[in-house]
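Just work.pdb here, PDB, C-alpha atoms, pLDDT in the B column:
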```pdb
ATOM      1  CA  MET A  10      -5.695   0.020 -24.630  1.00 72.00           C
ATOM      2  CA  SER A  11      -2.007   0.886 -24.215  1.00 91.00           C
ATOM      3  CA  HIS A  12       0.363  -0.102 -21.441  1.00 96.00           C
ATOM      4  CA  LYS A  13       0.496   3.557 -20.413  1.00 96.00           C
ATOM      5  CA  GLU A  14      -3.274   3.725 -19.871  1.00 97.00           C
ATOM      6  CA  TRP A  15      -3.322   0.448 -17.939  1.00 98.00           C
ATOM      7  CA  LEU A  16      -0.353   1.431 -15.795  1.00 98.00           C
ATOM      8  CA  THR A  17      -1.657   4.898 -14.998  1.00 98.00           C
ATOM      9  CA  ALA A  18      -4.999   3.453 -13.933  1.00 98.00           C
ATOM     10  CA  ALA A  19      -3.330   0.823 -11.756  1.00 98.00           C
ATOM     11  CA  ILE A  20      -1.128   3.429 -10.051  1.00 98.00           C
ATOM     12  CA  ASP A  21      -4.169   5.632  -9.379  1.00 98.00           C
ATOM     13  CA  ALA A  22      -6.140   2.697  -7.968  1.00 98.00           C
ATOM     14  CA  ALA A  23      -3.237   1.609  -5.763  1.00 98.00           C
ATOM     15  CA  ALA A  24      -2.913   5.138  -4.366  1.00 98.00           C
ATOM     16  CA  LEU A  25      -6.604   5.166  -3.447  1.00 98.00           C
ATOM     17  CA  ALA A  26      -6.269   1.781  -1.768  1.00 98.00           C
ATOM     18  CA  GLY A  27      -3.127   2.819   0.090  1.00 98.00           C
ATOM     19  CA  ASN A  28      -4.928   5.805   1.574  1.00 97.00           C
ATOM     20  CA  VAL A  29      -7.793   3.540   2.631  1.00 96.00           C
ATOM     21  CA  LEU A  30      -5.386   1.219   4.443  1.00 95.00           C
ATOM     22  CA  LEU A  31      -3.617   4.045   6.251  1.00 95.00           C
ATOM     23  CA  ASN A  32      -6.927   5.624   7.273  1.00 93.00           C
ATOM     24  CA  TRP A  33      -8.281   2.324   8.572  1.00 91.00           C
ATOM     25  CA  GLN A  34      -5.136   1.360  10.459  1.00 88.00           C
ATOM     26  CA  GLY A  35      -5.914   0.967  14.134  1.00 77.00           C
ATOM     27  CA  LYS A  36      -9.657   1.414  13.607  1.00 82.00           C
ATOM     28  CA  PHE A  37     -10.778  -1.959  12.262  1.00 74.00           C
ATOM     29  CA  SER A  38     -12.176  -5.063  13.863  1.00 76.00           C
ATOM     30  CA  VAL A  39     -10.690  -8.443  13.039  1.00 76.00           C
ATOM     31  CA  ARG A  40     -12.352 -11.707  12.030  1.00 74.00           C
ATOM     32  CA  GLU A  41     -10.623 -15.064  11.800  1.00 71.00           C
ATOM     33  CA  LYS A  42     -11.014 -16.772   8.403  1.00 69.00           C
ATOM     34  CA  SER A  43      -8.674 -19.527   9.552  1.00 62.00           C
ATOM     35  CA  ARG A  44      -5.736 -19.844  11.869  1.00 56.00           C
ATOM     36  CA  ALA A  45      -3.420 -16.845  11.415  1.00 54.00           C
ATOM     37  CA  ASN A  46      -5.412 -15.765   8.356  1.00 62.00           C
ATOM     38  CA  LEU A  47      -6.938 -12.457   9.304  1.00 72.00           C
ATOM     39  CA  VAL A  48      -9.386 -10.373   7.340  1.00 79.00           C
ATOM     40  CA  THR A  49     -10.528  -6.893   8.185  1.00 84.00           C
ATOM     41  CA  GLU A  50     -12.870  -4.229   6.972  1.00 88.00           C
ATOM     42  CA  ALA A  51      -9.727  -2.565   5.657  1.00 91.00           C
ATOM     43  CA  ASP A  52      -9.114  -5.387   3.142  1.00 92.00           C
ATOM     44  CA  GLU A  53     -12.603  -5.057   1.769  1.00 92.00           C
ATOM     45  CA  ALA A  54     -12.607  -1.254   1.687  1.00 93.00           C
ATOM     46  CA  SER A  55      -9.265  -1.266  -0.105  1.00 96.00           C
ATOM     47  CA  GLN A  56     -10.513  -3.754  -2.687  1.00 96.00           C
ATOM     48  CA  THR A  57     -13.699  -1.782  -3.249  1.00 97.00           C
ATOM     49  CA  ALA A  58     -11.681   1.377  -3.903  1.00 98.00           C
ATOM     50  CA  ILE A  59      -9.522  -0.438  -6.455  1.00 98.00           C
ATOM     51  CA  VAL A  60     -12.397  -2.115  -8.279  1.00 98.00           C
ATOM     52  CA  ASN A  61     -14.485   1.057  -8.449  1.00 98.00           C
ATOM     53  CA  ARG A  62     -11.579   3.017  -9.911  1.00 98.00           C
ATOM     54  CA  LEU A  63     -10.660   0.406 -12.505  1.00 98.00           C
ATOM     55  CA  ARG A  64     -14.227  -0.480 -13.425  1.00 97.00           C
ATOM     56  CA  SER A  65     -15.007   3.179 -14.131  1.00 97.00           C
ATOM     57  CA  GLN A  66     -12.402   3.164 -16.910  1.00 97.00           C
ATOM     58  CA  PHE A  67     -12.542  -0.497 -17.968  1.00 97.00           C
ATOM     59  CA  PRO A  68     -16.149  -1.632 -17.452  1.00 96.00           C
ATOM     60  CA  ASP A  69     -15.809  -4.730 -19.659  1.00 96.00           C
ATOM     61  CA  TYR A  70     -12.747  -6.238 -17.967  1.00 97.00           C
ATOM     62  CA  SER A  71     -12.775  -9.171 -15.574  1.00 97.00           C
ATOM     63  CA  PHE A  72     -11.600  -8.997 -11.958  1.00 98.00           C
ATOM     64  CA  LEU A  73      -9.869 -11.558  -9.751  1.00 97.00           C
ATOM     65  CA  GLY A  74      -8.845 -10.831  -6.183  1.00 95.00           C
ATOM     66  CA  GLU A  75      -8.207 -12.144  -2.711  1.00 87.00           C
ATOM     67  CA  GLU A  76     -11.385 -10.999  -0.995  1.00 83.00           C
ATOM     68  CA  ASN A  77     -13.823 -13.314  -2.803  1.00 88.00           C
ATOM     69  CA  LEU A  78     -13.467 -11.324  -6.006  1.00 94.00           C
ATOM     70  CA  ASN A  79     -14.100 -13.274  -9.206  1.00 95.00           C
ATOM     71  CA  GLU A  80     -16.099 -11.250 -11.718  1.00 94.00           C
ATOM     72  CA  ARG A  81     -16.216 -12.128 -15.391  1.00 94.00           C
ATOM     73  CA  GLY A  82     -16.561  -9.203 -17.708  1.00 94.00           C
ATOM     74  CA  THR A  83     -17.440  -9.296 -21.354  1.00 93.00           C
ATOM     75  CA  THR A  84     -13.704  -9.133 -22.042  1.00 89.00           C
ATOM     76  CA  GLU A  85     -12.808 -12.393 -20.310  1.00 86.00           C
ATOM     77  CA  ASP A  86      -9.236 -12.571 -21.596  1.00 93.00           C
ATOM     78  CA  THR A  87      -8.319  -9.276 -19.895  1.00 97.00           C
ATOM     79  CA  VAL A  88      -8.292  -9.553 -16.106  1.00 98.00           C
ATOM     80  CA  TRP A  89      -7.331  -7.215 -13.293  1.00 98.00           C
ATOM     81  CA  ILE A  90      -5.644  -9.303 -10.579  1.00 98.00           C
ATOM     82  CA  ILE A  91      -5.829  -7.589  -7.202  1.00 98.00           C
ATOM     83  CA  ASP A  92      -4.445  -8.062  -3.712  1.00 98.00           C
ATOM     84  CA  PRO A  93      -5.847  -5.112  -1.744  1.00 97.00           C
ATOM     85  CA  LEU A  94      -3.701  -5.831   1.315  1.00 96.00           C
ATOM     86  CA  ASP A  95      -0.738  -8.157   0.992  1.00 96.00           C
ATOM     87  CA  GLY A  96       0.647  -8.682   4.464  1.00 94.00           C
ATOM     88  CA  THR A  97      -2.565  -8.654   6.477  1.00 91.00           C
ATOM     89  CA  SER A  98      -1.045 -10.072   9.657  1.00 89.00           C
ATOM     90  CA  ASN A  99       1.693  -7.429   9.559  1.00 92.00           C
ATOM     91  CA  TYR A 100      -0.940  -4.741   9.079  1.00 92.00           C
ATOM     92  CA  VAL A 101      -3.068  -6.006  11.960  1.00 88.00           C
ATOM     93  CA  HIS A 102      -0.091  -5.994  14.308  1.00 87.00           C
ATOM     94  CA  GLY A 103       1.185  -2.575  13.258  1.00 88.00           C
ATOM     95  CA  PHE A 104       4.276  -3.962  11.545  1.00 92.00           C
ATOM     96  CA  PRO A 105       4.865  -1.602   8.571  1.00 96.00           C
ATOM     97  CA  TYR A 106       5.551  -4.185   5.873  1.00 97.00           C
ATOM     98  CA  PHE A 107       2.448  -4.543   3.737  1.00 97.00           C
ATOM     99  CA  ALA A 108       1.406  -3.497   0.255  1.00 98.00           C
ATOM    100  CA  VAL A 109      -1.253  -3.093  -2.404  1.00 98.00           C
ATOM    101  CA  SER A 110      -0.693  -5.223  -5.509  1.00 98.00           C
ATOM    102  CA  ILE A 111      -2.437  -4.776  -8.879  1.00 98.00           C
ATOM    103  CA  ALA A 112      -1.664  -6.517 -12.167  1.00 98.00           C
ATOM    104  CA  LEU A 113      -3.336  -6.760 -15.541  1.00 98.00           C
ATOM    105  CA  MET A 114      -3.301 -10.089 -17.372  1.00 98.00           C
ATOM    106  CA  HIS A 115      -4.171 -10.101 -21.078  1.00 97.00           C
ATOM    107  CA  LYS A 116      -4.436 -13.414 -22.929  1.00 95.00           C
ATOM    108  CA  GLY A 117      -2.454 -15.186 -20.227  1.00 95.00           C
ATOM    109  CA  GLN A 118       0.401 -12.662 -19.992  1.00 97.00           C
ATOM    110  CA  ILE A 119       0.962 -10.086 -17.263  1.00 98.00           C
ATOM    111  CA  GLU A 120       1.108  -6.770 -19.093  1.00 98.00           C
ATOM    112  CA  VAL A 121       1.422  -4.274 -16.248  1.00 98.00           C
ATOM    113  CA  GLY A 122       2.029  -4.534 -12.531  1.00 98.00           C
ATOM    114  CA  VAL A 123       2.008  -2.076  -9.630  1.00 99.00           C
ATOM    115  CA  ILE A 124       2.974  -2.619  -5.999  1.00 99.00           C
ATOM    116  CA  LEU A 125       2.467   0.246  -3.566  1.00 98.00           C
ATOM    117  CA  ASP A 126       4.097   0.441  -0.147  1.00 98.00           C
ATOM    118  CA  PRO A 127       1.812   3.015   1.507  1.00 98.00           C
ATOM    119  CA  ASN A 128       4.052   3.431   4.549  1.00 97.00           C
ATOM    120  CA  ARG A 129       6.951   4.705   2.442  1.00 97.00           C
ATOM    121  CA  ASN A 130       4.904   5.996  -0.497  1.00 97.00           C
ATOM    122  CA  ASP A 131       6.984   3.760  -2.764  1.00 98.00           C
ATOM    123  CA  VAL A 132       5.381   2.943  -6.114  1.00 98.00           C
ATOM    124  CA  PHE A 133       6.951  -0.037  -7.877  1.00 99.00           C
ATOM    125  CA  ALA A 134       5.647  -0.257 -11.455  1.00 98.00           C
ATOM    126  CA  ALA A 135       6.342  -2.331 -14.570  1.00 98.00           C
ATOM    127  CA  SER A 136       5.082  -2.758 -18.113  1.00 98.00           C
ATOM    128  CA  ARG A 137       5.936  -5.819 -20.173  1.00 98.00           C
ATOM    129  CA  GLY A 138       8.871  -4.972 -22.412  1.00 97.00           C
ATOM    130  CA  ASP A 139       9.281  -1.472 -20.973  1.00 97.00           C
ATOM    131  CA  GLY A 140      11.187  -2.143 -17.762  1.00 98.00           C
ATOM    132  CA  ALA A 141      10.412  -1.542 -14.105  1.00 98.00           C
ATOM    133  CA  THR A 142      10.643   1.577 -11.948  1.00 98.00           C
ATOM    134  CA  LEU A 143      10.498   2.750  -8.349  1.00 98.00           C
ATOM    135  CA  ASN A 144       8.925   6.192  -8.142  1.00 98.00           C
ATOM    136  CA  GLY A 145       9.865   6.708 -11.777  1.00 97.00           C
ATOM    137  CA  ILE A 146      13.495   5.611 -11.413  1.00 98.00           C
ATOM    138  CA  PRO A 147      14.520   2.493 -13.424  1.00 98.00           C
ATOM    139  CA  LEU A 148      15.106  -0.676 -11.406  1.00 98.00           C
ATOM    140  CA  ARG A 149      17.675  -3.441 -11.707  1.00 98.00           C
ATOM    141  CA  THR A 150      18.169  -6.478  -9.531  1.00 98.00           C
ATOM    142  CA  SER A 151      21.402  -6.803  -7.572  1.00 98.00           C
ATOM    143  CA  GLY A 152      22.735  -9.322 -10.078  1.00 98.00           C
ATOM    144  CA  GLU A 153      24.096 -11.402  -7.200  1.00 98.00           C
ATOM    145  CA  THR A 154      25.212 -14.835  -8.381  1.00 98.00           C
ATOM    146  CA  ARG A 155      26.650 -16.460  -5.218  1.00 98.00           C
ATOM    147  CA  MET A 156      24.546 -18.148  -2.571  1.00 98.00           C
ATOM    148  CA  GLU A 157      27.024 -17.323   0.193  1.00 98.00           C
ATOM    149  CA  LYS A 158      26.521 -13.596  -0.518  1.00 98.00           C
ATOM    150  CA  ALA A 159      22.772 -13.698  -1.108  1.00 98.00           C
ATOM    151  CA  PHE A 160      19.930 -12.303   0.984  1.00 98.00           C
ATOM    152  CA  GLY A 161      16.928 -14.614   0.630  1.00 98.00           C
ATOM    153  CA  ILE A 162      13.330 -14.418   1.803  1.00 98.00           C
ATOM    154  CA  ALA A 163      10.942 -17.354   2.073  1.00 97.00           C
ATOM    155  CA  SER A 164       7.163 -17.475   2.199  1.00 95.00           C
ATOM    156  CA  LEU A 165       6.086 -20.320   4.491  1.00 92.00           C
ATOM    157  CA  PRO A 166       2.660 -21.969   4.705  1.00 87.00           C
ATOM    158  CA  ILE A 167       0.393 -21.041   7.601  1.00 82.00           C
ATOM    159  CA  ALA A 168       0.942 -23.323  10.616  1.00 80.00           C
ATOM    160  CA  ALA A 169       3.496 -25.444   8.727  1.00 83.00           C
ATOM    161  CA  ASN A 170       4.640 -28.495  10.679  1.00 88.00           C
ATOM    162  CA  PRO A 171       8.338 -29.457  10.930  1.00 89.00           C
ATOM    163  CA  GLU A 172       7.963 -32.115   8.216  1.00 90.00           C
ATOM    164  CA  ASN A 173       6.650 -29.667   5.624  1.00 93.00           C
ATOM    165  CA  PRO A 174       8.986 -29.432   2.592  1.00 94.00           C
ATOM    166  CA  ALA A 175       8.862 -25.638   2.863  1.00 95.00           C
ATOM    167  CA  ILE A 176      10.489 -25.843   6.284  1.00 95.00           C
ATOM    168  CA  ASN A 177      13.183 -28.115   4.874  1.00 95.00           C
ATOM    169  CA  ARG A 178      13.907 -25.588   2.103  1.00 97.00           C
ATOM    170  CA  PHE A 179      14.095 -22.798   4.675  1.00 96.00           C
ATOM    171  CA  LEU A 180      16.627 -24.710   6.773  1.00 96.00           C
ATOM    172  CA  LYS A 181      18.735 -25.583   3.727  1.00 97.00           C
ATOM    173  CA  ALA A 182      18.755 -21.921   2.713  1.00 98.00           C
ATOM    174  CA  MET A 183      19.825 -20.850   6.205  1.00 97.00           C
ATOM    175  CA  GLN A 184      22.880 -23.060   5.883  1.00 97.00           C
ATOM    176  CA  SER A 185      23.826 -21.817   2.407  1.00 98.00           C
ATOM    177  CA  LEU A 186      22.773 -18.158   2.051  1.00 98.00           C
ATOM    178  CA  GLN A 187      24.233 -15.168   3.865  1.00 98.00           C
ATOM    179  CA  THR A 188      20.853 -14.127   5.274  1.00 97.00           C
ATOM    180  CA  VAL A 189      17.395 -15.724   5.234  1.00 98.00           C
ATOM    181  CA  GLN A 190      14.205 -14.029   6.431  1.00 97.00           C
ATOM    182  CA  ARG A 191      10.436 -14.468   6.476  1.00 95.00           C
ATOM    183  CA  THR A 192       8.634 -11.135   6.234  1.00 96.00           C
ATOM    184  CA  GLY A 193       4.932 -11.719   5.538  1.00 94.00           C
ATOM    185  CA  SER A 194       4.388  -9.838   2.260  1.00 97.00           C
ATOM    186  CA  ALA A 195       5.156 -11.657  -0.981  1.00 98.00           C
ATOM    187  CA  ALA A 196       4.377  -8.575  -3.054  1.00 98.00           C
ATOM    188  CA  LEU A 197       6.940  -6.426  -1.261  1.00 98.00           C
ATOM    189  CA  ASN A 198       9.463  -9.261  -1.292  1.00 98.00           C
ATOM    190  CA  LEU A 199       9.277  -9.418  -5.086  1.00 98.00           C
ATOM    191  CA  ALA A 200       9.376  -5.615  -5.360  1.00 98.00           C
ATOM    192  CA  TYR A 201      12.462  -5.533  -3.144  1.00 98.00           C
ATOM    193  CA  LEU A 202      14.084  -8.209  -5.290  1.00 98.00           C
ATOM    194  CA  ALA A 203      13.427  -6.115  -8.385  1.00 98.00           C
ATOM    195  CA  ALA A 204      14.975  -3.114  -6.612  1.00 98.00           C
ATOM    196  CA  GLY A 205      18.141  -5.003  -5.651  1.00 98.00           C
ATOM    197  CA  ARG A 206      17.394  -4.919  -1.925  1.00 98.00           C
ATOM    198  CA  ILE A 207      17.241  -8.711  -1.642  1.00 98.00           C
ATOM    199  CA  ASP A 208      18.530 -11.442  -3.935  1.00 98.00           C
ATOM    200  CA  ALA A 209      16.038 -14.330  -3.849  1.00 98.00           C
ATOM    201  CA  PHE A 210      12.474 -15.172  -2.885  1.00 98.00           C
ATOM    202  CA  TRP A 211      10.670 -18.503  -2.955  1.00 98.00           C
ATOM    203  CA  SER A 212       7.322 -19.990  -1.983  1.00 97.00           C
ATOM    204  CA  SER A 213       5.099 -23.045  -2.322  1.00 96.00           C
ATOM    205  CA  SER A 214       1.937 -21.560  -0.824  1.00 94.00           C
ATOM    206  CA  LEU A 215       0.935 -18.377  -2.669  1.00 95.00           C
ATOM    207  CA  ASN A 216      -1.970 -17.397  -4.903  1.00 96.00           C
ATOM    208  CA  VAL A 217      -1.817 -15.563  -8.209  1.00 98.00           C
ATOM    209  CA  TRP A 218      -2.891 -12.232  -6.673  1.00 97.00           C
ATOM    210  CA  ASP A 219       0.058 -12.390  -4.267  1.00 97.00           C
ATOM    211  CA  ILE A 220       2.657 -12.588  -7.031  1.00 98.00           C
ATOM    212  CA  ALA A 221       1.310 -11.427 -10.408  1.00 98.00           C
ATOM    213  CA  ALA A 222       2.560  -7.838 -10.233  1.00 98.00           C
ATOM    214  CA  GLY A 223       5.797  -8.795  -8.497  1.00 98.00           C
ATOM    215  CA  VAL A 224       6.756 -11.431 -11.050  1.00 98.00           C
ATOM    216  CA  LEU A 225       6.580  -8.816 -13.810  1.00 98.00           C
ATOM    217  CA  LEU A 226       8.657  -6.402 -11.730  1.00 98.00           C
ATOM    218  CA  VAL A 227      11.380  -9.018 -11.279  1.00 98.00           C
ATOM    219  CA  THR A 228      11.574 -10.072 -14.915  1.00 98.00           C
ATOM    220  CA  GLU A 229      11.488  -6.478 -16.163  1.00 98.00           C
ATOM    221  CA  SER A 230      14.362  -5.549 -13.825  1.00 98.00           C
ATOM    222  CA  GLY A 231      16.630  -8.312 -15.086  1.00 98.00           C
ATOM    223  CA  GLY A 232      15.812 -11.073 -12.606  1.00 98.00           C
ATOM    224  CA  THR A 233      14.640 -14.614 -13.225  1.00 98.00           C
ATOM    225  CA  VAL A 234      11.417 -16.359 -12.240  1.00 98.00           C
ATOM    226  CA  SER A 235      10.742 -20.101 -12.345  1.00 98.00           C
ATOM    227  CA  ASP A 236       8.902 -22.709 -10.353  1.00 98.00           C
ATOM    228  CA  LEU A 237      10.802 -24.467  -7.570  1.00 97.00           C
ATOM    229  CA  ASP A 238      11.998 -27.132 -10.027  1.00 96.00           C
ATOM    230  CA  GLY A 239      13.465 -24.556 -12.387  1.00 97.00           C
ATOM    231  CA  ASN A 240      10.698 -24.777 -14.981  1.00 97.00           C
ATOM    232  CA  HIS A 241       8.605 -21.999 -16.511  1.00 96.00           C
ATOM    233  CA  PRO A 242       6.272 -20.802 -13.743  1.00 96.00           C
ATOM    234  CA  ASP A 243       2.509 -21.184 -13.756  1.00 97.00           C
ATOM    235  CA  LEU A 244       1.262 -18.251 -11.689  1.00 97.00           C
ATOM    236  CA  PHE A 245      -1.893 -20.180 -10.798  1.00 96.00           C
ATOM    237  CA  LYS A 246       0.131 -22.958  -9.124  1.00 96.00           C
ATOM    238  CA  PRO A 247       1.836 -22.451  -5.749  1.00 95.00           C
ATOM    239  CA  SER A 248       5.475 -22.928  -6.772  1.00 97.00           C
ATOM    240  CA  LEU A 249       7.720 -19.910  -7.255  1.00 98.00           C
ATOM    241  CA  LEU A 250      11.431 -19.135  -7.202  1.00 98.00           C
ATOM    242  CA  ALA A 251      12.620 -15.639  -8.092  1.00 98.00           C
ATOM    243  CA  ALA A 252      16.266 -14.627  -8.112  1.00 98.00           C
ATOM    244  CA  SER A 253      18.572 -11.759  -8.978  1.00 98.00           C
ATOM    245  CA  SER A 254      20.439 -13.804 -11.591  1.00 98.00           C
ATOM    246  CA  MET A 255      20.206 -17.024 -13.558  1.00 98.00           C
ATOM    247  CA  GLU A 256      23.254 -18.381 -11.730  1.00 98.00           C
ATOM    248  CA  LEU A 257      21.657 -17.891  -8.317  1.00 98.00           C
ATOM    249  CA  GLN A 258      18.357 -19.332  -9.521  1.00 98.00           C
ATOM    250  CA  LYS A 259      20.087 -22.487 -10.750  1.00 98.00           C
ATOM    251  CA  SER A 260      22.018 -22.883  -7.489  1.00 98.00           C
ATOM    252  CA  LEU A 261      18.859 -22.562  -5.431  1.00 98.00           C
ATOM    253  CA  THR A 262      17.007 -25.048  -7.632  1.00 98.00           C
ATOM    254  CA  ILE A 263      19.731 -27.609  -6.955  1.00 98.00           C
ATOM    255  CA  LEU A 264      19.775 -26.775  -3.230  1.00 98.00           C
ATOM    256  CA  PHE A 265      16.027 -27.255  -2.857  1.00 97.00           C
ATOM    257  CA  LYS A 266      15.876 -30.689  -4.517  1.00 92.00           C
TER     258      LYS A 266
END
```
I need this file expressed as structure tokens, please.
Amino acid sequence: MSHKEWLTAAIDAAALAGNVLLNWQGKFSVREKSRANLVTEADEASQTAIVNRLRSQFPDYSFLGEENLNERGTTEDTVWIIDPLDGTSNYVHGFPYFAVSIALMHKGQIEVGVILDPNRNDVFAASRGDGATLNGIPLRTSGETRMEKAFGIASLPIAANPENPAINRFLKAMQSLQTVQRTGSAALNLAYLAAGRIDAFWSSSLNVWDIAAGVLLVTESGGTVSDLDGNHPDLFKPSLLAASSMELQKSLTILFK
């Protein structure tokens, strides 16, 4: 299969899921999986729409996703990685900052990635080696190199106590960056970094489905991605630092030590 076929399928699946989320908004019931970790019928309906669309075209592929999705196909080294609703708490509370995230991993590499913001109908898409786009327009990061001019976003663990290292990183960043926020959607944070809307994003608490598509968007738009120590990232381990430039990434690595 070609990147074009994979990417087209992922965009189609994300559009279906986005419509599901918008149609369900305000109509779902909520169950508590754990403190501040909400799951709704909307999550599951969105995931079902994605899987059905992709499985119809790629019946042998494997699937990995947030809502208890772990299906091994006959082609085990090619995996669709799905987050059907990234930003569930935002969605539940009517805060319009959530997304659908779909990536394809082949032999350990992310080949294509799509993040859809259904509220703005923004489609962020990337293919390995072919660049990244927003609604078909090529993306570049801001290229910001200076911490004092940078807009950073952190992803913090649920119910983190004051002694958690993630809180310490957040406080250090507040003292050194121009602006620091916590928004609740890692996928959109990475998409916004790729689009030059923010300059840095970091986390020590995410899963692969939260970041797979976004990491490709950042690297294909000229940004850098590492773990929090500055090493090559392992997307299956919860340590991520993405930045608009190598200079900013290095400065943040030093700051967070």
>> Can you tell me which residues surround Asp243 (chain A) at a distance of at most 12 Å, considering all atoms listed in the file, apart from same-chain residues fewer than 3 positions away, and format the answer as a list in words?
In response: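 In the requested format, the answer is Gly117, Gln118, Ile119, Ser213, Leu215, Asn216, Val217, Ile220, Ala221, Val224, Val234, Ser235, Asp236, Leu237, Asp238, Gly239, Asn240, Lys246, Pro247, Ser248, Leu249 and Leu250 of chain A.
Between CA of Ala182 (chain A) and CA of Asp208 (chain A) the separation is 12.4 Å.
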>> What would the selection look like, as a list in words, if the PyMOL selection byres ((chain A and resi 90) around 6) were run on the coordinates I just shared?
In response: Leu73, Gly74, Trp89, Ile91, Ile111, Ala112 and Trp218 of chain A
>> List the spatial neighbours of Leu30 (chain A) as a PyMOL selection string - criterion: any atom at most 8 Å away, all atoms listed in the file, same-chain residues fewer than 3 positions off excluded.
In response: chain A and resi 26-27+33-34+51-52+55+94+127
How big is the axis-aligned box, and where does its centre sit, when it encloses all atoms of region 90-96 of chain A listed in the file and has 3 Å added on every side, reported in Å to one decimal as AutoDock Vina command-line options?
```
--center_x -2.6 --center_y -7.2 --center_z -3.1 --size_x 12.5 --size_y 10.2 --size_z 21.0
```
> Exactly which residues make up the result of the PyMOL selection byres ((chain A and resi 66) around 12) on this file, given as a VMD selection string?
Replying inline: chain A and resid 10 14 to 15 17 to 19 21 to 22 59 to 65 67 to 70
> How many Å lie between CA of Thr87 (chain A) and CA of Asp219 (chain A), rounded to one decimal?
Replying inline: 18.0 Å
>> So the first atom is CA of Gly122 (chain A) and the second is CA of Leu257 (chain A); what is the distance between them in Å, to one decimal place?
In response: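 Taking CA of Gly122 (chain A) as the start and CA of Leu257 (chain A) as the end point, the length is 24.1 Å.
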> From the list A:Asn28, A:Asn177, A:Ser11, A:Asn79, which residue is nearest Leu125 (chain A) when using only C-alpha atoms?
Replying inline: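 Looking at the shortest contact to Leu125 (chain A), the residue is A:Asn28.
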Report the residues retrieved by the PyMOL selection byres ((chain A and resi 190) around 9) from the displayed file, expressed as a PDB file with C-alpha atoms, in the coordinates of the input.
```pdb
ATOM      1  CA  PHE A 160      19.930 -12.303   0.984  1.00 98.00           C
ATOM      2  CA  GLY A 161      16.928 -14.614   0.630  1.00 98.00           C
ATOM      3  CA  ILE A 162      13.330 -14.418   1.803  1.00 98.00           C
ATOM      4  CA  ALA A 163      10.942 -17.354   2.073  1.00 97.00           C
ATOM      5  CA  SER A 164       7.163 -17.475   2.199  1.00 95.00           C
ATOM      6  CA  PHE A 179      14.095 -22.798   4.675  1.00 96.00           C
ATOM      7  CA  MET A 183      19.825 -20.850   6.205  1.00 97.00           C
ATOM      8  CA  THR A 188      20.853 -14.127   5.274  1.00 97.00           C
ATOM      9  CA  VAL A 189      17.395 -15.724   5.234  1.00 98.00           C
ATOM     10  CA  ARG A 191      10.436 -14.468   6.476  1.00 95.00           C
ATOM     11  CA  THR A 192       8.634 -11.135   6.234  1.00 96.00           C
TER      12      THR A 192
END
```
>> When you count only C-alpha atoms, which of these residues is closest to Lys158 (chain A): A:Leu113, A:Ala209, A:Ile20, A:Leu202?
In response: A:Ala209
>> Residues within 8 Å of Asn128 (chain A), please, as an MDAnalysis selection string. Count all atoms listed in the file; anything in the same chain fewer than 5 positions from it doesn't count.
In response: chainID A and resid 31 105:106
How would the residues just picked look written out with C-alpha atoms as an mmCIF file, keeping the file's coordinate frame?
```cif
data_model
loop_
_atom_site.group_PDB
_atom_site.id
_atom_site.type_symbol
_atom_site.label_atom_id
_atom_site.label_comp_id
_atom_site.auth_asym_id
_atom_site.auth_seq_id
_atom_site.Cartn_x
_atom_site.Cartn_y
_atom_site.Cartn_z
ATOM 1 C CA LEU A 31 -3.617 4.045 6.251
ATOM 2 C CA PRO A 105 4.865 -1.602 8.571
ATOM 3 C CA TYR A 106 5.551 -4.185 5.873
#
```
> When distances are computed from all atoms listed in the file, which of A:Ser253, A:Asn144, A:Ser71, A:Ser194 shows the smallest separation from Pro93 (chain A)?
Replying inline: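 Smallest separation from Pro93 (chain A) among the options: A:Ser194.
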> Which is closer to Leu226 (chain A) than all the others in A:Leu244, A:Val48, A:Ala204, A:Leu186, using all atoms listed in the file?
Replying inline: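 For Leu226 (chain A), the nearest of the given residues is A:Ala204.
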> Taking all atoms listed in the file into account, which of A:Ala58, A:Val29, A:Leu16, A:Val227 comes nearest Thr150 (chain A)?
Replying inline: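 With all atoms listed in the file as the atom set, the closest residue is A:Val227.
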> What's the 6 Å shell around Val123 (chain A), counting all atoms listed in the file, without same-chain residues fewer than 5 positions away, as a list in words?
Replying inline: Ser110, Ile111, Phe133, Ala134 and Ala222 of chain A
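You can rank A:Ala159, A:Leu165, A:Ile207, A:Ile176 by their closest distance to Ser260 (chain A) using all atoms listed in the file, and at the top of that list sits A:Ala159.
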